[in-house]
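J.: File name upload_24.txt; file contents compact mmCIF, C-alpha atoms and all ligand atoms; full text below.
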# COMPACT_ATOMS: atom_id res chain seq x y z
CA MET A 1 96.83 122.80 94.70
CA LYS A 2 98.97 120.46 96.76
CA THR A 3 102.70 120.78 97.35
CA ILE A 4 103.90 117.48 98.71
CA HIS A 5 107.65 117.06 99.17
CA GLN A 6 108.96 114.02 97.32
CA THR A 7 110.29 112.44 100.55
CA ALA A 8 106.91 112.66 102.32
CA VAL A 9 104.49 109.74 102.62
CA PHE A 10 101.14 111.27 101.66
CA GLU A 11 98.35 108.70 101.84
CA PRO A 12 95.32 110.41 103.39
CA ARG A 13 91.78 109.10 103.00
CA GLU A 14 90.66 112.53 101.79
CA ALA A 15 92.41 115.85 101.16
CA GLY A 16 91.14 119.35 100.31
CA ARG A 17 92.80 122.26 98.49
CA ASN A 18 96.03 124.14 99.17
CA ILE A 19 97.92 121.61 101.25
CA VAL A 20 101.66 121.90 101.80
CA VAL A 21 103.56 118.90 103.18
CA GLY A 22 107.24 119.22 104.06
CA PRO A 23 110.10 116.72 103.76
CA TYR A 24 109.79 113.38 105.57
CA ALA A 25 106.28 114.01 106.84
CA VAL A 26 104.12 110.85 107.08
CA ILE A 27 100.34 111.07 106.63
CA GLU A 28 98.76 107.64 106.62
CA GLY A 29 95.79 105.66 107.88
CA GLN A 30 92.28 107.14 107.87
CA VAL A 31 93.40 110.77 107.75
CA LYS A 32 91.06 113.43 106.37
CA LEU A 33 92.54 116.86 105.59
CA GLY A 34 90.58 120.09 104.95
CA ASN A 35 91.82 123.14 103.00
CA ASN A 36 94.80 125.47 103.53
CA ILE A 37 96.80 123.14 105.74
CA LYS A 38 100.53 123.40 106.32
CA ILE A 39 102.29 120.27 107.53
CA HIS A 40 105.96 120.90 108.29
CA PRO A 41 108.88 118.45 107.93
CA HIS A 42 108.87 115.20 109.92
CA VAL A 43 105.29 115.51 111.16
CA VAL A 44 103.48 112.16 111.63
CA ILE A 45 99.69 111.94 111.35
CA SER A 46 98.23 108.45 111.64
CA GLY A 47 95.04 106.58 112.52
CA LEU A 48 91.52 107.96 112.34
CA VAL A 49 92.30 111.68 112.24
CA GLU A 50 90.50 114.77 110.91
CA ILE A 51 92.36 118.02 110.38
CA ASP A 52 90.08 120.97 109.55
CA ASP A 53 90.86 124.06 107.45
CA ASN A 54 93.69 126.50 108.19
CA VAL A 55 95.60 124.25 110.59
CA GLU A 56 99.40 124.41 110.83
CA ILE A 57 101.43 121.55 112.29
CA LEU A 58 105.06 122.36 113.06
CA PRO A 59 108.06 120.02 112.65
CA PHE A 60 108.16 116.64 114.41
CA ALA A 61 104.64 116.84 115.87
CA TYR A 62 102.79 113.48 116.11
CA ILE A 63 99.00 113.45 115.76
CA GLY A 64 96.98 110.29 116.54
CA ARG A 65 99.63 108.55 118.63
CA LEU A 66 98.39 105.34 120.27
CA PRO A 67 99.23 104.77 123.96
CA SER A 68 102.17 102.45 124.44
CA THR A 69 101.47 99.04 125.87
CA SER A 70 104.06 97.21 127.91
CA PRO A 71 104.05 94.51 130.60
CA ALA A 72 105.62 97.18 132.79
CA ILE A 73 102.51 99.35 132.89
CA LYS A 74 98.97 98.47 133.84
CA GLN A 75 97.10 99.81 130.88
CA SER A 76 93.91 98.38 129.45
CA SER A 77 94.18 96.92 126.00
CA GLU A 78 91.30 99.14 124.91
CA ASN A 79 91.04 99.59 121.19
CA TYR A 80 91.60 103.25 120.41
CA THR A 81 89.48 103.70 117.33
CA GLN A 82 88.02 107.05 118.33
CA LEU A 83 88.44 110.04 116.05
CA THR A 84 91.29 112.44 116.72
CA LYS A 85 90.19 115.88 115.56
CA ILE A 86 92.06 119.16 115.15
CA SER A 87 89.62 121.98 114.37
CA SER A 88 90.15 124.99 112.13
CA GLY A 89 92.73 127.66 112.85
CA THR A 90 94.62 125.59 115.44
CA VAL A 91 98.41 125.52 115.53
CA ILE A 92 100.25 122.45 116.84
CA GLY A 93 103.80 123.27 117.95
CA PRO A 94 107.00 121.40 117.14
CA HIS A 95 107.43 118.04 118.87
CA ALA A 96 103.92 118.21 120.36
CA ILE A 97 102.18 114.84 120.72
CA ILE A 98 98.41 114.54 120.44
CA TYR A 99 97.22 111.02 121.34
CA ALA A 100 94.35 109.17 119.72
CA GLY A 101 90.80 110.24 120.53
CA CYS A 102 91.67 113.87 121.39
CA GLN A 103 89.50 116.68 120.12
CA ILE A 104 91.14 120.09 119.91
CA ASP A 105 88.63 122.82 119.09
CA GLN A 106 89.11 125.92 116.90
CA GLU A 107 91.99 128.41 117.13
CA CYS A 108 93.92 126.66 119.87
CA LEU A 109 97.68 126.78 120.30
CA VAL A 110 99.48 123.68 121.50
CA GLY A 111 103.03 124.68 122.45
CA ASP A 112 106.40 123.12 121.75
CA ALA A 113 106.76 119.55 123.04
CA ALA A 114 103.42 119.50 124.82
CA SER A 115 101.98 116.01 125.34
CA VAL A 116 98.20 115.54 125.31
CA ARG A 117 97.12 112.00 126.23
CA GLU A 118 94.20 110.10 124.75
CA LYS A 119 90.59 111.35 124.74
CA VAL A 120 91.33 114.86 125.95
CA ILE A 121 88.67 117.40 124.93
CA VAL A 122 89.94 120.96 124.47
CA GLY A 123 87.61 123.95 123.95
CA GLN A 124 88.22 126.77 121.50
CA GLN A 125 91.08 129.27 121.80
CA VAL A 126 92.78 127.30 124.55
CA ILE A 127 96.54 127.69 124.96
CA VAL A 128 98.47 124.62 126.06
CA GLY A 129 101.98 125.92 126.84
CA ARG A 130 105.39 124.52 126.06
CA HIS A 131 106.16 121.13 127.66
CA VAL A 132 102.74 120.94 129.31
CA THR A 133 101.63 117.35 129.95
CA ILE A 134 97.93 116.49 130.06
CA GLY A 135 96.73 113.06 131.22
CA PRO A 136 93.95 110.97 129.64
CA ASN A 137 90.25 111.95 129.66
CA VAL A 138 90.78 115.58 130.67
CA LYS A 139 88.27 118.27 129.62
CA ILE A 140 89.45 121.86 129.19
CA GLY A 141 86.98 124.73 128.72
CA ALA A 142 87.23 127.49 126.13
CA ARG A 143 89.91 130.21 126.39
CA THR A 144 91.72 128.50 129.25
CA ARG A 145 95.50 128.99 129.37
CA ILE A 146 97.87 126.39 130.76
CA VAL A 147 101.37 127.79 131.08
CA ASP A 148 104.67 126.05 130.31
CA PHE A 149 105.65 122.89 132.25
CA ALA A 150 102.34 122.44 134.06
CA HIS A 151 101.10 118.87 134.56
CA ILE A 152 97.34 118.23 134.46
CA THR A 153 96.50 114.78 135.78
CA GLY A 154 94.08 112.42 134.01
CA GLU A 155 90.30 112.62 134.64
CA THR A 156 90.41 116.36 135.44
CA VAL A 157 87.73 118.83 134.36
CA ILE A 158 88.81 122.44 133.87
CA GLY A 159 86.28 125.22 133.23
CA GLU A 160 86.38 128.19 130.86
CA ASP A 161 88.77 131.17 131.09
CA VAL A 162 90.95 129.40 133.66
CA PHE A 163 94.63 130.30 134.15
CA ILE A 164 96.97 127.52 135.25
CA SER A 165 100.44 128.96 135.88
CA THR A 166 103.79 127.44 135.12
CA HIS A 167 104.86 124.31 137.04
CA VAL A 168 101.44 123.67 138.55
CA CYS A 169 101.25 119.97 139.27
CA SER A 170 98.34 117.66 139.98
CA ALA A 171 97.78 114.02 140.96
CA ASN A 172 94.79 111.69 140.70
CA ASP A 173 95.79 108.64 142.76
CA ASN A 174 96.54 108.40 146.48
CA SER A 175 97.47 104.72 146.14
CA PHE A 176 100.59 105.49 144.08
CA ALA A 177 99.39 103.00 141.45
CA THR A 178 99.50 100.01 143.84
CA GLY A 179 96.68 97.48 144.24
CA ASP A 180 94.18 96.21 141.72
CA ASN A 181 91.23 98.55 142.13
CA ILE A 182 92.75 101.94 141.56
CA ILE A 183 90.18 104.69 141.34
CA LEU A 184 91.56 107.76 139.63
CA LYS A 185 90.23 111.08 140.88
CA GLY A 186 91.20 114.17 138.93
CA GLN A 187 90.38 117.72 139.96
CA THR A 188 87.28 119.76 139.14
CA ILE A 189 88.27 123.35 138.46
CA GLY A 190 85.53 125.94 137.95
CA ASP A 191 85.33 128.83 135.48
CA ARG A 192 87.74 131.78 135.75
CA VAL A 193 89.91 130.09 138.40
CA HIS A 194 93.55 131.27 138.65
CA VAL A 195 96.12 128.81 139.99
CA GLY A 196 99.46 130.40 140.96
CA LEU A 197 102.79 129.06 139.86
CA GLY A 198 104.02 125.81 141.34
CA ALA A 199 100.78 124.99 143.18
CA MET A 200 100.07 121.31 143.83
CA LEU A 201 96.55 119.94 143.52
CA LEU A 202 95.90 116.65 145.33
CA PRO A 203 93.54 113.92 144.05
CA GLY A 204 89.84 114.64 143.83
CA ILE A 205 89.80 118.24 145.07
CA SER A 206 87.58 120.90 143.53
CA ILE A 207 88.10 124.63 143.18
CA GLY A 208 84.98 126.78 142.78
CA ASP A 209 84.40 129.46 140.11
CA ASP A 210 86.48 132.66 140.32
CA SER A 211 88.77 131.45 143.09
CA VAL A 212 92.53 132.10 143.21
CA ILE A 213 95.16 129.68 144.53
CA GLY A 214 98.40 131.33 145.69
CA ALA A 215 101.76 130.37 144.26
CA GLY A 216 103.30 127.28 145.83
CA SER A 217 100.15 126.22 147.67
CA ILE A 218 99.25 122.58 148.33
CA VAL A 219 95.53 122.17 147.83
CA THR A 220 94.39 119.21 149.95
CA LYS A 221 90.68 120.08 150.36
CA ASN A 222 87.91 121.61 148.26
CA ILE A 223 88.08 125.38 147.84
CA PRO A 224 84.68 127.11 147.46
CA SER A 225 83.92 129.76 144.82
CA ASN A 226 85.20 133.34 145.05
CA LYS A 227 87.98 132.68 147.59
CA LEU A 228 91.69 133.33 147.78
CA ALA A 229 93.41 130.26 149.22
CA LEU A 230 97.10 130.08 150.12
CA GLY A 231 99.73 128.03 151.86
CA GLN A 232 100.67 124.43 152.65
CA PRO A 233 98.07 123.12 153.15
CA ALA A 234 96.07 125.82 151.39
CA LYS A 235 93.62 127.75 153.59
CA VAL A 236 91.03 130.26 152.51
CA ILE A 237 92.28 133.67 153.64
CA ARG A 238 89.65 135.94 152.15
CA ASP A 239 86.87 136.44 149.61
CA ILE A 240 87.78 137.58 146.12
C1 LIG B 1 97.89 134.86 145.73
C2 LIG B 1 98.42 136.20 145.32
C3 LIG B 1 97.73 136.63 144.02
C4 LIG B 1 98.09 137.13 146.47
O1 LIG B 1 98.43 138.45 146.15
P1 LIG B 1 97.93 139.63 147.12
O2 LIG B 1 96.46 139.62 147.26
O3 LIG B 1 98.58 140.85 146.59
O4 LIG B 1 98.47 139.24 148.52
P2 LIG B 1 99.61 139.93 149.36
O5 LIG B 1 100.88 139.98 148.56
O6 LIG B 1 99.05 141.22 149.89
O7 LIG B 1 99.81 138.90 150.56
C5 LIG B 1 98.87 138.75 151.60
C6 LIG B 1 99.51 137.83 152.62
O8 LIG B 1 99.57 136.51 152.10
C7 LIG B 1 100.94 136.06 152.01
N1 LIG B 1 101.04 135.38 150.74
C8 LIG B 1 100.87 135.89 149.51
N2 LIG B 1 101.00 134.93 148.58
C9 LIG B 1 101.28 133.80 149.24
C10 LIG B 1 101.52 132.48 148.82
N3 LIG B 1 101.48 132.16 147.53
N4 LIG B 1 101.72 131.53 149.75
C11 LIG B 1 101.75 131.86 151.09
N5 LIG B 1 101.51 133.11 151.54
C12 LIG B 1 101.29 134.07 150.61
C13 LIG B 1 101.77 137.34 152.04
O9 LIG B 1 103.07 137.08 152.54
C14 LIG B 1 100.96 138.20 152.95
O10 LIG B 1 101.18 137.79 154.28
P3 LIG B 1 101.18 138.83 155.51
O11 LIG B 1 99.78 139.39 155.56
O12 LIG B 1 101.54 138.00 156.68
O13 LIG B 1 102.19 139.88 155.16
C15 LIG B 1 99.93 136.17 145.05
O14 LIG B 1 100.67 136.14 146.24
C16 LIG B 1 100.34 134.96 144.23
O15 LIG B 1 100.54 133.85 144.71
N6 LIG B 1 100.44 135.19 142.92
C17 LIG B 1 100.70 134.14 141.94
C18 LIG B 1 101.31 134.77 140.71
C19 LIG B 1 101.41 133.79 139.58
O16 LIG B 1 101.53 132.61 139.79
N7 LIG B 1 101.32 134.31 138.35
C20 LIG B 1 101.32 133.51 137.14
C21 LIG B 1 102.69 133.27 136.58
S1 LIG B 1 102.69 132.16 135.21
Show the structure stored in the file as structure tokens.

T.:
Amino acid sequence: MKTIHQTAVFEPREAGRNIVVGPYAVIEGQVKLGNNIKIHPHVVISGLVEIDDNVEILPFAYIGRLPSTSPAIKQSSENYTQLTKISSGTVIGPHAIIYAGCQIDQECLVGDAASVREKVIVGQQVIVGRHVTIGPNVKIGARTRIVDFAHITGETVIGEDVFISTHVCSANDNSFATGDNIILKGQTIGDRVHVGLGAMLLPGISIGDDSVIGAGSIVTKNIPSNKLALGQPAKVIRDI
């Protein structure tokens, strides 16, 4: 059974059973829908997108968004034809934006107004909090939690069972986007790392497995595994 509101545009490539689509939702392009899917009012799903079974997408979310191009930003004119995939049991919050080429694994929660840029790979049962912003080409391991208002810079790799607290911020470019040969360097964060609230992670640093970064720290150098590091700049103060 399908319950499609009369104001919705419902033109998927393929659709399973028990799909509910609310008013003014738009589902177009090469979209493939599984079974038991609830798409709330004003959701947009476009491009090459697969939504697996038991997914719920709350009002005004946008799945498959293409990056904007403008003379004002240096962005390659790459053709984003990669699949955007939302796996089973995942919930996408209201106003969240999932760009083209992202793959969100099973049973994740993407919070209200989160923005996940293109080609981000998210493991299962990850929580992306409210208003979190994630740059392009980030990888996030299973069960990791990223709390509200954190910013994860592009090209970062985050392990499994990591906790990134609220307002953590990270950068991947010491040239401030000047010059022609900008090399972006995200962070490499090991498994079970905890990053305290408001910490800042500078380009290219790594944090080893099981380490803890104190609240408000500025991480300017690599932190080995199993250490507590604190301060500005962050220094290792003891083993965990
Ligand atoms: C890192 C942290 C876990 C350390 O806790 P702890 O082991 O109990 O450490 P203590 O409170 O005993 O502090 C040890 C010393 O480090 C200092 N210190 C603790 N946290 C610090 C920080 N973030 N930055 C600078 N110094 C810090 C303390 O003042 C104390 O100094 P002293 O020995 O001169 O008195 C804790 O301070 C912290 O930053 N927690 C983050 C909490 C958080 O972000 N939660 C998630 C919310 S979404």

J.: Could you jot down the CA of Gln82 in chain A to CA of Lys119 in chain A separation for me, Å, one decimal place?

T.: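 Result for CA of Gln82 in chain A versus CA of Lys119 in chain A: 8.1 Å, one decimal.
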
J.: Box time for ligand LIG 1 (chain B): axis-aligned, enclosing all its listed atoms, 3 Å extra on each side; report centre and edge lengths in Å to one decimal, as JSON.

T.:
{"center_x": 99.8, "center_y": 136.4, "center_z": 145.9, "size_x": 12.6, "size_y": 15.7, "size_z": 27.5}

J.: Check which residues fall inside 6 Å of ligand LIG 1 (chain B) when counting only C-alpha atoms and all ligand atoms, and print them as a PyMOL selection string.

T.: chain A and resi 165-166+196-197+213-217+230-231

J.: Do you know which residues are at most 10 Å from Val236 in chain A counting only C-alpha atoms, after dropping those on the same chain fewer than 3 positions away, and could you put them as a PyMOL selection string?

T.: chain A and resi 211-213+223-224+226-231+239

J.: So, counting only C-alpha atoms, which residue among A:His42, A:Arg117, A:Lys85, A:Arg238 is closest to Ser68 in chain A?

T.: A:Arg117

J.: Could you check how far CA of Gln30 in chain A sits from CA of Ile134 in chain A, in Å to one decimal?

T.: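 Separation between CA of Gln30 in chain A and CA of Ile134 in chain A: 24.7 Å.
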
J.: Using all atoms listed in the file, find the one residue out of A:Pro136, A:Pro41, A:Gly186, A:Pro94 that sits nearest to Val120 in chain A.

T.: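 Under the stated criterion, the closest residue is A:Pro136.
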
J.: Counting only C-alpha atoms, which residue out of A:Tyr24, A:Phe163, A:Phe10, A:Phe60 sits closest to Ile140 in chain A?

T.: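 For Ile140 in chain A, the nearest of the given residues is A:Phe163.
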
J.: Smallest atom-to-atom distance to Ala199 in chain A: which of A:Asn18, A:Ile152, A:Met1, A:Pro59, using only C-alpha atoms?

T.: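 Checking each candidate against Ala199 in chain A, we get A:Ile152 as the closest.
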
J.: For His5 in chain A, which of A:Lys38, A:His194, A:His131, A:Lys185 is the closest residue, counting only C-alpha atoms?

T.: A:Lys38

J.: Between A:Ala171, A:Ile127, A:Lys139, A:Val49, single out the one closest to Tyr99 in chain A, counting all atoms listed in the file.

T.: A:Val49

J.: In Å, with one decimal, what is the gap from CA of Gln187 in chain A to CA of Val122 in chain A?

T.: 15.8 Å

J.: Residues within 10 Å of Leu184 in chain A, please, as a list of chain:residue names. Count all atoms listed in the file; anything in the same chain fewer than 2 positions from it doesn't count.

T.: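 Listed by chain and then number, they are A:Thr153, A:Gly154, A:Glu155, A:Thr156, A:Ala171, A:Asn172, A:Asp173, A:Asn174, A:Ser175, A:Ala177, A:Asn181, A:Ile182, A:Gly186, A:Pro203, A:Gly204.
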
J.: Neighbouring residues of Gly141 in chain A were defined as those with any atom within 9 Å, considering only C-alpha atoms; residues of the same chain fewer than 3 positions away were excluded. Please report them as a CSV table (one decimal) with C-alpha atoms, in the frame of the given file.

T.:
chain,number,residue,atom,x,y,z
A,121,ILE,CA,88.7,117.4,124.9
A,122,VAL,CA,89.9,121.0,124.5
A,123,GLY,CA,87.6,124.0,124.0
A,124,GLN,CA,88.2,126.8,121.5
A,126,VAL,CA,92.8,127.3,124.6
A,144,THR,CA,91.7,128.5,129.2
A,157,VAL,CA,87.7,118.8,134.4
A,158,ILE,CA,88.8,122.4,133.9
A,159,GLY,CA,86.3,125.2,133.2
A,160,GLU,CA,86.4,128.2,130.9
A,161,ASP,CA,88.8,131.2,131.1
A,162,VAL,CA,91.0,129.4,133.7
A,191,ASP,CA,85.3,128.8,135.5

J.: Residues within 10 Å of (91.5, 109.1, 111.0), file coordinates, counting only C-alpha atoms: what are they? Give the list as a PDB file with C-alpha atoms, in the coordinates of the input.

T.:
ATOM      1  CA  PRO A  12      95.320 110.410 103.390  1.00  0.00           C
ATOM      2  CA  ARG A  13      91.780 109.100 103.000  1.00  0.00           C
ATOM      3  CA  GLU A  14      90.660 112.530 101.790  1.00  0.00           C
ATOM      4  CA  GLU A  28      98.760 107.640 106.620  1.00  0.00           C
ATOM      5  CA  GLY A  29      95.790 105.660 107.880  1.00  0.00           C
ATOM      6  CA  GLN A  30      92.280 107.140 107.870  1.00  0.00           C
ATOM      7  CA  VAL A  31      93.400 110.770 107.750  1.00  0.00           C
ATOM      8  CA  LYS A  32      91.060 113.430 106.370  1.00  0.00           C
ATOM      9  CA  LEU A  33      92.540 116.860 105.590  1.00  0.00           C
ATOM     10  CA  ILE A  45      99.690 111.940 111.350  1.00  0.00           C
ATOM     11  CA  SER A  46      98.230 108.450 111.640  1.00  0.00           C
ATOM     12  CA  GLY A  47      95.040 106.580 112.520  1.00  0.00           C
ATOM     13  CA  LEU A  48      91.520 107.960 112.340  1.00  0.00           C
ATOM     14  CA  VAL A  49      92.300 111.680 112.240  1.00  0.00           C
ATOM     15  CA  GLU A  50      90.500 114.770 110.910  1.00  0.00           C
ATOM     16  CA  ILE A  51      92.360 118.020 110.380  1.00  0.00           C
ATOM     17  CA  ILE A  63      99.000 113.450 115.760  1.00  0.00           C
ATOM     18  CA  GLY A  64      96.980 110.290 116.540  1.00  0.00           C
ATOM     19  CA  THR A  81      89.480 103.700 117.330  1.00  0.00           C
ATOM     20  CA  GLN A  82      88.020 107.050 118.330  1.00  0.00           C
ATOM     21  CA  LEU A  83      88.440 110.040 116.050  1.00  0.00           C
ATOM     22  CA  THR A  84      91.290 112.440 116.720  1.00  0.00           C
ATOM     23  CA  LYS A  85      90.190 115.880 115.560  1.00  0.00           C
ATOM     24  CA  ALA A 100      94.350 109.170 119.720  1.00  0.00           C
ATOM     25  CA  GLY A 101      90.800 110.240 120.530  1.00  0.00           C
TER      26      GLY A 101
END
